[in-house]
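**Student:** Here it is: the structure, laid out below.
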Amino acid sequence: MADSTPLTLSPEAMNTGLAGGILTVDLTAIQQNYKALRDQLAEGVSCAAVVKANGYGLGAAAVGQALANVGCRRFFVALPEEAITLRAVLPRVEIFVLNGLFPEVVGDYVEHRLTPVLNHPGEVEVWRIQARKTSKSLPAILQVDTGMSRLGLQPHEAEHLAEDSGRIAGIALQYLMSHLACADDPDDFRNTEQLMAFEHIRRLFPNLPSSLANTGGILIGKDYHYNLVRPGIGLYGGSPSSDQPLDLVKPVVRLQGRILQIREIAPPSFVGYGAAHSVREPTRVATVSIGYADGYLRCLGGKSVGFIQDYVVPVIGRVSMDLTAFDVTHVPRHLAQPGNFIEFIGPDFTIDDVAKAAETIGYEILTSLSTRYHRHYIGGEISGTS
Ligand SMILES: Cc1ncc(COP(=O)(O)O)c(C=O)c1O
């Protein structure tokens, strides 16, 4: 094992008498991951941070502050509401709203100094009118669709815009941006196709800085980096592809659940809903206070494992809403007893390992983590090496 699981919790984490589980977020590891990704870039390329969905479930305010402490100055969120919340803790950074300009709240973008990513000609028009109304130039990113058929101007719309500068009067474009559909597989031919499509559109806006790469795009290579990269998952210790762990980054999350009860059961017997697990030999079962309502996905029943120090304890039966059973037959009794903790996610069993067991991606594991855990943040202070 890379790192043994502490059964003894830190004093702060011990103060969890009310919680069934403890989610520890290592902000120093997030800072190190940011620096590791930034080290992949050529001089002059900026590294932003994607902190949408509440910092991939880990807390956008805490993650944002930790990253600002190591020099990150540009942050991407999905929604204006997320941006306003982030602005309250980061008054001086640039905040970009990926899901665009919500017309009902255009004034909020101005008031909170938010930069929309303009995703279609209608948004460009609304922002242009707002700039005229406020008599000041307003910043924006222009997104173009290079093949993903999700958000962004289509190539012909970008061409129209480039031909008529009046349509962007008063808009201070900061970047031309696009997003890769298949960056989790560096060998996918569509990466090159999107790169070529992006190059074509870039020529229409000759002096505009550009941004294309997420975490996967950073790893594909420098051709994809342009002026600004936008990593998300790598910051949180995950890999764009759960099949290929990303050695460059460190695990950030540790998830531990409290053992409520130990039961010795004799065959023939079963465990949990639907009698999904049959007991064929004497078994010791630990029932732990974590379930799918905590984001420990129901599909992990019978498929994942936890750890008690170096002992691997399989999940048995179905995951319930608030409870999960583990087979602790082979764990010394003094380690597996009520009040002790089992670790489900940590350095020995990462978000990508859990994602593989659940046949999903680390992104979903992270963003499913509920607010019911006691959240415990470690590190993240200003570092001298930013
Ligand atoms: C437009 C955009 N850029 C960057 C990212 C960050 O991607 P990743 O988490 O794969 O690094 C995302 C995430 O979904 C995104 O939608």
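Ordering of the structure tokens sets the chain letters (A, B, ...), residue numbers begin anew at 1 in every chain, and ligands are numbered from 1 in the order given.
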Hey, could you make a per-residue contact list for chain A against ligand 1 with 7 Å as the cut-off, showing the nearest pair of atoms and its distance in Å to one decimal, counting only C-alpha atoms and all ligand atoms, sorted by chain and number, as CSV?
**Tutor:**
```
residue,atom,partner,partner_atom_place_in_ligand_line,distance
A:Val50,CA,ligand 1,6 (C),5.7
A:Leu98,CA,ligand 1,1 (C),6.3
A:His179,CA,ligand 1,1 (C),5.3
A:Ala213,CA,ligand 1,4 (C),6.9
A:Asn214,CA,ligand 1,11 (O),4.0
A:Thr215,CA,ligand 1,11 (O),3.6
A:Gly216,CA,ligand 1,10 (O),5.9
A:Arg230,CA,ligand 1,4 (C),4.8
A:Pro231,CA,ligand 1,11 (O),3.7
A:Gly232,CA,ligand 1,9 (O),3.4
A:Ile233,CA,ligand 1,9 (O),3.7
A:Gly234,CA,ligand 1,11 (O),6.0
A:Pro240,CA,ligand 1,10 (O),5.5
```
**Student:** Rank A:Leu67, A:Val305, A:Ile30, A:Leu79 by their smallest atom-to-atom distance to Asn54 (chain A), using only C-alpha atoms, and report the top residue only.
**Tutor:**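 Of all the options, A:Leu79 lies closest to Asn54 (chain A).
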**Student:** At a cut-off of 10 Å, using only C-alpha atoms, what residues contact Tyr236 (chain A)? Leave out same-chain residues fewer than 6 positions from it and give the result as JSON, numbers by chain.
**Tutor:** {"A": [25, 26, 27, 29, 30, 31, 33, 34, 51, 55, 56, 57, 58, 63, 249, 250, 251, 252, 253, 351, 362, 363, 366]}
**Student:** Create the file for the chosen residues now, containing C-alpha atoms and written as a CSV table (one decimal), in the first residue's frame.
**Tutor:**
```csv
chain,number,residue,atom,x,y,z
A,25,VAL,CA,-10.0,17.4,1.5
A,26,ASP,CA,-6.3,18.0,1.2
A,27,LEU,CA,-6.0,21.5,-0.1
A,29,ALA,CA,-2.5,18.4,-2.6
A,30,ILE,CA,-4.8,20.5,-4.8
A,31,GLN,CA,-2.2,23.2,-4.8
A,33,ASN,CA,-1.6,19.3,-8.5
A,34,TYR,CA,-2.1,22.8,-9.9
A,51,VAL,CA,-14.2,25.0,-9.9
A,55,GLY,CA,-15.3,22.8,-6.9
A,56,TYR,CA,-16.2,19.3,-8.3
A,57,GLY,CA,-18.1,18.7,-5.0
A,58,LEU,CA,-15.2,19.6,-2.8
A,63,VAL,CA,-10.5,25.2,-3.3
A,249,VAL,CA,-1.3,14.3,-9.6
A,250,LYS,CA,-1.9,13.3,-6.0
A,251,PRO,CA,-5.0,12.1,-4.3
A,252,VAL,CA,-6.9,14.9,-2.7
A,253,VAL,CA,-9.9,13.1,-1.1
A,351,ILE,CA,-11.7,8.2,-6.9
A,362,GLY,CA,-14.1,10.0,-11.2
A,363,TYR,CA,-16.0,13.2,-12.0
A,366,LEU,CA,-16.6,13.5,-6.7
```
**Student:** According to DSSP computed on the backbone, where in region 156-329 of chain A is there strand (DSSP E or B)? Give the residues as a PyMOL selection string.
**Tutor:** chain A and resi 171-177+210-211+228-229+253-265+269-271+277-279+283-288+305-308+311-316+324-327
**Student:** Can you tell me, as a PyMOL selection string, which residues in region 9-256 of chain A count as alpha helix (DSSP H) by DSSP?
**Tutor:** chain A and resi 11-14+27-38+52-56+60-68+80-89+106-111+121-134+155-163+189-202+215-220
**Student:** Excluding His120 (chain A) and any residue of its chain fewer than 6 positions from it, enumerate the residues within 9 Å of it, using only C-alpha atoms, and give them as a list in words.
**Tutor:**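 Listing them by chain and then by number gives Gly100, Leu142, Gln143, Val144, Leu151, Gly152, Leu153, Gln154 and Glu157 of chain A.
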**Student:** Between A:Pro209, A:Gly122, A:Gly107, A:Gly380, which one has atoms that come closest to Gly44 (chain A), using only C-alpha atoms?
**Tutor:**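 Answer, going by the shortest atom-to-atom distance: A:Pro209.
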**Student:** Between A:Ala61, A:Leu90, A:Leu219, A:Ala68, which residue has the minimum interatomic distance to Ser239 (chain A), considering only C-alpha atoms?
**Tutor:**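 Using only C-alpha atoms, the shortest distance to Ser239 (chain A) belongs to A:Leu219.
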**Student:** Near Pro332 (chain A), counting only C-alpha atoms, which residues have an atom at most 10 Å away, once you skip same-chain residues fewer than 4 positions from it, shown as a ChimeraX atom specification?
**Tutor:** /A:308,311,328,336-337
**Student:** Quick one: distance from CA of Ala66 (chain A) to CA of Ala49 (chain A) in Å, one decimal?
**Tutor:** 11.1 Å
**Student:** Here is a test: counting only C-alpha atoms, which residue of A:Glu125, A:Glu281, A:Asp243, A:Glu104 is nearest to Val354 (chain A)?
**Tutor:**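 When distances to Val354 (chain A) are compared using only C-alpha atoms, the smallest one comes from A:Asp243.
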**Student:** Point out the residue among A:Ser135, A:Glu381, A:Arg92, A:Leu369 with the least atom-to-atom distance to Gly59 (chain A), counting only C-alpha atoms.
**Tutor:**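 Selected residue with least distance to Gly59 (chain A): A:Leu369.
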**Student:** If we count only C-alpha atoms, what is near Ile316 (chain A) at a cut-off of 7 Å, once residues fewer than 4 positions away on the same chain are taken out, given as a compact mmCIF listing (two decimals) with N, CA and C atoms, in the first residue's frame?
**Tutor:**
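So out01.txt came out as:
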```txt
# COMPACT_ATOMS: atom_id res chain seq x y z
N HIS A 277 -26.70 -10.53 -0.78
CA HIS A 277 -25.46 -11.24 -0.44
C HIS A 277 -25.79 -12.44 0.44
N GLY A 301 -22.62 -1.68 -4.55
CA GLY A 301 -22.95 -2.87 -3.75
C GLY A 301 -22.33 -4.12 -4.36
N GLY A 302 -21.56 -4.85 -3.55
CA GLY A 302 -20.91 -6.08 -4.02
C GLY A 302 -19.74 -5.84 -4.96
N ALA A 325 -22.74 -2.41 4.24
CA ALA A 325 -22.14 -3.51 5.01
C ALA A 325 -20.80 -3.93 4.39
N PHE A 326 -19.86 -4.22 5.26
CA PHE A 326 -18.53 -4.66 4.84
C PHE A 326 -18.19 -5.98 5.52
N ASP A 327 -17.50 -6.84 4.79
CA ASP A 327 -17.05 -8.10 5.38
C ASP A 327 -15.71 -7.86 6.08
```
**Student:** For Val106 (chain A), work out the shell of residues within 9 Å, counting only C-alpha atoms and skipping chain neighbours fewer than 5 positions away, then give it as an MDAnalysis selection string.
**Tutor:** chainID A and resid 101 111 126:127 130
**Student:** Between A:Gly147, A:Pro268, A:Pro155, A:Gly257, which one has atoms that come closest to Tyr296 (chain A), using only C-alpha atoms?
**Tutor:**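 Distance minimum relative to Tyr296 (chain A) lands on A:Gly257.
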